[in-house]
>>> print(open('final04.txt').read())   # compact mmCIF, C-alpha atoms and all ligand atoms
# COMPACT_ATOMS: atom_id res chain seq x y z
CA MET C 1 9.34 -8.42 6.33
CA ARG C 2 11.74 -10.66 4.44
CA ILE C 3 11.28 -12.49 1.15
CA LYS C 4 12.21 -16.13 1.79
CA ARG C 5 11.27 -17.81 -1.43
CA LEU C 6 10.28 -17.00 -5.00
CA ARG C 7 8.54 -19.53 -7.24
CA LEU C 8 7.81 -18.95 -10.92
CA ALA C 9 6.03 -20.96 -13.59
CA GLY C 10 5.54 -19.81 -17.17
CA PHE C 11 6.69 -16.28 -16.29
CA LYS C 12 8.59 -14.64 -19.19
CA SER C 13 11.69 -16.78 -19.90
CA PHE C 14 11.00 -19.08 -16.88
CA VAL C 15 8.96 -21.65 -18.80
CA GLU C 16 9.80 -24.49 -16.42
CA PRO C 17 8.81 -24.10 -12.76
CA ALA C 18 11.66 -22.44 -10.85
CA ASP C 19 11.98 -22.37 -7.08
CA LEU C 20 14.46 -19.93 -5.51
CA VAL C 21 15.20 -19.99 -1.81
CA ILE C 22 16.48 -16.57 -0.70
CA ARG C 23 18.64 -16.86 2.35
CA GLU C 24 19.39 -14.13 4.86
CA GLY C 25 22.04 -11.61 3.90
CA LEU C 26 22.98 -10.31 0.51
CA THR C 27 21.83 -12.25 -2.56
CA GLY C 28 23.49 -11.82 -5.93
CA VAL C 29 22.10 -13.07 -9.23
CA VAL C 30 24.75 -13.67 -11.87
CA GLY C 31 24.54 -14.95 -15.41
CA PRO C 32 25.17 -14.04 -19.05
CA ASN C 33 23.22 -11.28 -20.82
CA GLY C 34 19.63 -12.22 -21.54
CA CYS C 35 19.53 -15.23 -19.20
CA GLY C 36 16.63 -13.79 -17.18
CA LYS C 37 18.17 -11.87 -14.26
CA SER C 38 15.91 -8.84 -14.74
CA ASN C 39 12.91 -11.14 -15.28
CA LEU C 40 13.37 -12.39 -11.71
CA LEU C 41 13.01 -8.85 -10.32
CA GLU C 42 10.07 -8.27 -12.64
CA ALA C 43 8.42 -11.43 -11.28
CA LEU C 44 8.77 -10.02 -7.76
CA ARG C 45 7.30 -6.65 -8.77
CA TRP C 46 4.50 -8.33 -10.73
CA ALA C 47 3.46 -10.57 -7.81
CA MET C 48 3.57 -7.51 -5.52
CA GLY C 49 0.92 -5.90 -7.69
CA GLU C 50 2.68 -4.06 -10.50
CA GLY C 51 -0.12 -3.15 -12.87
CA SER C 52 1.76 -1.42 -15.65
CA ALA C 53 2.84 -3.61 -18.57
CA LYS C 54 5.27 -0.91 -19.71
CA SER C 55 7.24 -1.01 -16.48
CA LEU C 56 7.51 -4.79 -16.96
CA ARG C 57 9.03 -4.23 -20.41
CA GLY C 58 5.96 -5.51 -22.26
CA ALA C 59 3.15 -4.08 -24.39
CA GLY C 60 0.24 -5.87 -22.72
CA MET C 61 -0.26 -7.71 -19.44
CA ASP C 62 -0.23 -11.11 -21.22
CA ASP C 63 3.38 -10.40 -22.23
CA VAL C 64 4.55 -11.78 -18.88
CA ILE C 65 3.40 -15.26 -20.02
CA PHE C 66 6.05 -17.41 -21.72
CA ALA C 67 5.60 -16.55 -25.40
CA GLY C 68 7.26 -19.66 -26.86
CA THR C 69 10.48 -20.22 -28.77
CA ALA C 70 11.40 -21.93 -32.02
CA THR C 71 11.33 -25.26 -30.17
CA ARG C 72 8.74 -24.73 -27.41
CA PRO C 73 5.06 -23.77 -27.64
CA PRO C 74 3.79 -20.75 -25.68
CA ARG C 75 2.16 -21.25 -22.29
CA ASP C 76 -1.42 -20.28 -21.40
CA PHE C 77 -0.69 -19.02 -17.91
CA ALA C 78 2.01 -17.62 -15.65
CA GLU C 79 2.16 -17.86 -11.88
CA VAL C 80 4.51 -16.27 -9.36
CA SER C 81 4.52 -17.01 -5.65
CA ILE C 82 6.36 -15.05 -2.96
CA LEU C 83 6.84 -16.47 0.50
CA ILE C 84 7.42 -13.74 3.06
CA GLU C 85 8.39 -13.81 6.68
CA ARG C 86 6.70 -11.12 8.73
CA ALA C 87 8.16 -9.20 11.64
CA ASP C 88 6.34 -11.55 14.07
CA ASP C 89 8.02 -14.62 12.42
CA THR C 90 4.80 -15.83 10.74
CA GLU C 91 4.90 -16.73 7.05
CA THR C 92 2.57 -15.47 4.33
CA GLU C 93 2.35 -16.65 0.74
CA VAL C 94 1.25 -14.22 -1.98
CA VAL C 95 0.39 -15.73 -5.37
CA ARG C 96 -0.50 -13.95 -8.60
CA ARG C 97 -1.65 -15.91 -11.61
CA ILE C 98 -2.54 -14.73 -15.10
CA GLU C 99 -4.38 -16.73 -17.77
CA ARG C 100 -3.94 -15.68 -21.38
CA GLY C 101 -6.85 -13.40 -22.38
CA ALA C 102 -8.51 -13.71 -18.96
CA GLY C 103 -6.55 -11.33 -16.71
CA SER C 104 -4.88 -12.02 -13.39
CA ALA C 105 -5.96 -12.95 -9.87
CA TYR C 106 -4.28 -12.87 -6.45
CA ARG C 107 -4.28 -15.16 -3.45
CA ILE C 108 -2.90 -14.57 0.05
CA ASP C 109 -2.40 -17.82 1.97
CA GLY C 110 -4.77 -19.61 -0.41
CA ARG C 111 -7.60 -17.05 -0.13
CA ASP C 112 -8.74 -15.08 -3.19
CA VAL C 113 -8.05 -11.39 -2.57
CA ARG C 114 -8.21 -8.11 -4.46
CA ALA C 115 -5.19 -6.38 -5.97
CA ARG C 116 -5.51 -3.61 -3.38
CA ASP C 117 -5.23 -6.15 -0.51
CA VAL C 118 -1.86 -7.22 -1.90
CA GLY C 119 -0.94 -3.56 -2.45
CA LEU C 120 -1.72 -2.72 1.18
CA LEU C 121 0.17 -5.74 2.49
CA PHE C 122 3.37 -4.67 0.73
CA ALA C 123 2.81 -0.92 1.19
CA ASP C 124 2.63 -1.45 4.94
CA ALA C 125 5.85 -3.42 4.75
CA ALA C 126 7.48 -0.70 2.64
CA THR C 127 8.27 -3.03 -0.24
CA GLY C 128 5.52 -2.24 -2.74
CA ALA C 129 5.71 -2.82 -6.49
CA HIS C 130 6.87 0.77 -6.99
CA SER C 131 9.04 0.79 -3.89
CA PRO C 132 12.42 2.41 -4.34
CA ALA C 133 13.75 -0.72 -2.65
CA LEU C 134 13.42 -2.37 -6.08
CA VAL C 135 15.32 -0.14 -8.46
CA SER C 136 15.42 -1.39 -12.04
CA GLN C 137 18.20 -0.37 -14.40
CA ASN C 138 16.04 2.16 -16.24
CA ARG C 139 14.80 3.85 -13.04
CA ILE C 140 18.11 4.88 -11.53
CA GLY C 141 18.08 8.11 -13.57
CA ALA C 142 14.45 8.74 -12.61
CA VAL C 143 15.23 8.54 -8.88
CA ILE C 144 18.02 11.09 -9.29
CA ALA C 145 15.97 13.43 -11.49
CA ALA C 146 12.69 13.13 -9.55
CA LYS C 147 10.79 16.31 -8.66
CA PRO C 148 10.61 17.00 -4.89
CA ALA C 149 6.95 15.86 -4.70
CA ASP C 150 7.74 12.56 -6.48
CA ARG C 151 10.81 12.01 -4.34
CA ARG C 152 8.67 12.60 -1.25
CA GLN C 153 6.30 9.85 -2.48
CA MET C 154 9.27 7.50 -2.91
CA LEU C 155 10.44 8.30 0.62
CA GLU C 156 6.94 7.74 1.99
CA GLU C 157 6.81 4.35 0.31
CA ALA C 158 10.22 3.51 1.71
CA ALA C 159 9.06 4.61 5.17
CA GLY C 160 5.99 2.37 4.91
CA ILE C 161 3.37 5.10 5.21
CA ALA C 162 1.99 4.86 1.65
CA GLY C 163 -0.57 2.32 2.93
CA LEU C 164 -1.77 4.82 5.53
CA HIS C 165 -2.72 7.30 2.78
CA VAL C 166 -4.93 4.66 1.12
CA ARG C 167 -6.60 3.84 4.45
CA ARG C 168 -7.11 7.55 5.18
CA ARG C 169 -8.86 8.05 1.82
CA ASP C 170 -11.10 5.02 2.55
CA ALA C 171 -11.95 6.37 6.02
CA GLU C 172 -12.74 9.84 4.60
CA MET C 173 -15.10 8.31 2.02
CA ARG C 174 -16.90 6.31 4.73
CA LEU C 175 -17.14 9.45 6.88
CA ARG C 176 -18.73 11.43 4.02
CA ALA C 177 -21.22 8.60 3.34
CA THR C 178 -22.15 8.47 7.05
CA GLU C 179 -22.57 12.27 7.19
CA ALA C 180 -24.89 12.09 4.16
CA ASN C 181 -26.92 9.36 5.93
CA LEU C 182 -27.16 11.47 9.09
CA ALA C 183 -28.33 14.50 7.09
CA ARG C 184 -30.97 12.33 5.40
CA LEU C 185 -32.07 10.97 8.80
CA ASP C 186 -32.42 14.53 10.13
CA GLU C 187 -34.67 15.38 7.16
CA VAL C 188 -36.86 12.31 7.77
CA LEU C 189 -37.13 13.11 11.50
CA ALA C 190 -37.97 16.75 10.75
CA ASP C 191 -40.69 15.63 8.29
CA GLN C 192 -42.24 13.40 10.94
CA GLY C 193 -42.01 16.01 13.65
P1 LIG V 201 20.82 -8.40 -19.25
O1 LIG V 201 22.01 -8.81 -18.47
O2 LIG V 201 21.09 -8.24 -20.71
O3 LIG V 201 20.02 -7.27 -18.67
P2 LIG V 201 19.07 -10.37 -18.08
O4 LIG V 201 19.80 -11.56 -17.57
O5 LIG V 201 18.58 -9.37 -17.11
O6 LIG V 201 19.85 -9.68 -19.27
P3 LIG V 201 16.36 -10.53 -18.91
O7 LIG V 201 16.26 -9.19 -19.51
O8 LIG V 201 15.78 -10.79 -17.57
O9 LIG V 201 17.87 -10.99 -18.91
O10 LIG V 201 15.75 -11.66 -19.87
C1 LIG V 201 15.55 -11.42 -21.19
C2 LIG V 201 15.15 -12.71 -21.86
O11 LIG V 201 13.82 -13.05 -21.47
C3 LIG V 201 15.19 -12.56 -23.34
O12 LIG V 201 15.85 -13.68 -23.88
C4 LIG V 201 13.73 -12.57 -23.74
O13 LIG V 201 13.52 -13.17 -24.98
C5 LIG V 201 13.13 -13.41 -22.64
N1 LIG V 201 11.70 -13.13 -22.47
C6 LIG V 201 11.10 -11.99 -22.03
N2 LIG V 201 9.76 -12.11 -22.04
C7 LIG V 201 9.49 -13.35 -22.49
C8 LIG V 201 8.29 -14.08 -22.73
N3 LIG V 201 7.07 -13.57 -22.50
N4 LIG V 201 8.40 -15.35 -23.21
C9 LIG V 201 9.61 -15.90 -23.43
N5 LIG V 201 10.78 -15.28 -23.22
C10 LIG V 201 10.73 -14.02 -22.76
>>> encode(input="final04.txt", output="structure tokens", more="lines below")
Ligand code: ATP
Amino acid sequence: MRIKRLRLAGFKSFVEPADLVIREGLTGVVGPNGCGKSNLLEALRWAMGEGSAKSLRGAGMDDVIFAGTATRPPRDFAEVSILIERADDTETEVVRRIERGAGSAYRIDGRDVRARDVGLLFADAATGAHSPALVSQNRIGAVIAAKPADRRQMLEEAAGIAGLHVRRRDAEMRLRATEANLARLDEVLADQG
């Protein structure tokens, strides 16, 4: 999976719509302090499903919405879109949008989806919101100091098997529900017999 394009509107300092085409190879983002370089990475992590405001350097989820300046009023919503190219060359667009006071919603290729659908999509591709592939300045120390169990989780995410754990838990829950139904059926049959 490759990220081909990143579009932002009203996200943190990106008050005007911004459209970034990410070409193959190494991409560098340069600019003076405070110009919004880290906000770009945060936009990526946010659209990939990051749910923690703290890890996006804010107090609440609405803090990702442009808060206004001395000369510009605040915005009521923020939207980030990621265009990805999959291994089979097809393209998929993931959009996350947040309205002030109303929470956020996701779309994949125009369809409304749940946060966990987006989580699974990126977990399978080994580039989830918490993926070690996106290492923010304040996490470098954490990667080095991680306990073995936490480092194992990071490696599993990097290897793309984090999504399998979620699916396994889902399958186990369905199995338990089916076993309970079978037990109930046995009781009913025994009563009738
Ligand atoms: P540095 O090189 O210092 O790390 P940077 O280029 O990575 O800087 P960022 O940290 O991405 O810059 O951007 C910080 C800027 O974003 C600050 O000017 C801050 O005021 C602005 N900013 C953050 N959140 C919002 C928001 N919700 N509304 C408006 N501006 C915001």
>>> closest_residue(input="final04.txt", among="C:Gly51, C:Gly193, C:Gly68, C:Gly163", to="Phe122 of chain C", atoms="only C-alpha atoms")
C:Gly163
>>> closest_residue(input="final04.txt", among="C:Gln192, C:Asn181, C:Ser38, C:Thr69", to="ligand LIG 201 (chain V)", atoms="all atoms listed in the file")
C:Ser38
>>> closest_residue(input="final04.txt", among="C:Ala171, C:Ala70, C:Arg176, C:Ala123", to="Met154 of chain C", atoms="only C-alpha atoms")
C:Ala123
>>> closest_atom_pairs(input="final04.txt", of="chain C", to="ligand LIG 201 (chain V)", cutoff="7 Å", atoms="only C-alpha atoms and all ligand atoms", output="JSON lines")
{"residue": "C:Phe11", "atom": "CA", "partner": "V:LIG201", "partner_atom": "N3", "distance": 6.8}
{"residue": "C:Lys12", "atom": "CA", "partner": "V:LIG201", "partner_atom": "C8", "distance": 3.6}
{"residue": "C:Ser13", "atom": "CA", "partner": "V:LIG201", "partner_atom": "N5", "distance": 3.8}
{"residue": "C:Gly31", "atom": "CA", "partner": "V:LIG201", "partner_atom": "O4", "distance": 6.2}
{"residue": "C:Pro32", "atom": "CA", "partner": "V:LIG201", "partner_atom": "O4", "distance": 6.1}
{"residue": "C:Asn33", "atom": "CA", "partner": "V:LIG201", "partner_atom": "O1", "distance": 3.6}
{"residue": "C:Gly34", "atom": "CA", "partner": "V:LIG201", "partner_atom": "O9", "distance": 3.4}
{"residue": "C:Cys35", "atom": "CA", "partner": "V:LIG201", "partner_atom": "O4", "distance": 4.0}
{"residue": "C:Gly36", "atom": "CA", "partner": "V:LIG201", "partner_atom": "O8", "distance": 3.1}
{"residue": "C:Lys37", "atom": "CA", "partner": "V:LIG201", "partner_atom": "O4", "distance": 3.7}
{"residue": "C:Ser38", "atom": "CA", "partner": "V:LIG201", "partner_atom": "O8", "distance": 3.4}
{"residue": "C:Asn39", "atom": "CA", "partner": "V:LIG201", "partner_atom": "O8", "distance": 3.7}
{"residue": "C:Leu40", "atom": "CA", "partner": "V:LIG201", "partner_atom": "O8", "distance": 6.5}
{"residue": "C:Asp63", "atom": "CA", "partner": "V:LIG201", "partner_atom": "N3", "distance": 4.9}
{"residue": "C:Val64", "atom": "CA", "partner": "V:LIG201", "partner_atom": "N3", "distance": 4.8}
{"residue": "C:Ile65", "atom": "CA", "partner": "V:LIG201", "partner_atom": "N3", "distance": 4.7}
{"residue": "C:Phe66", "atom": "CA", "partner": "V:LIG201", "partner_atom": "N4", "distance": 3.5}
{"residue": "C:Ala67", "atom": "CA", "partner": "V:LIG201", "partner_atom": "N4", "distance": 3.8}
{"residue": "C:Gly68", "atom": "CA", "partner": "V:LIG201", "partner_atom": "C9", "distance": 5.6}
{"residue": "C:Thr69", "atom": "CA", "partner": "V:LIG201", "partner_atom": "C9", "distance": 6.9}
>>> closest_residue(input="final04.txt", among="C:Leu120, C:Ser81, C:Thr178, C:Met61", to="Asp19 of chain C", atoms="all atoms listed in the file")
C:Ser81
>>> atom_distance(input="final04.txt", atom1="atom CA of Asp170 of chain C", atom2="atom CA of Ile98 of chain C")
27.8 Å
>>> atom_distance(input="final04.txt", atom1="atom CA of Glu99 of chain C", atom2="atom CA of Ala9 of chain C")
12.0 Å
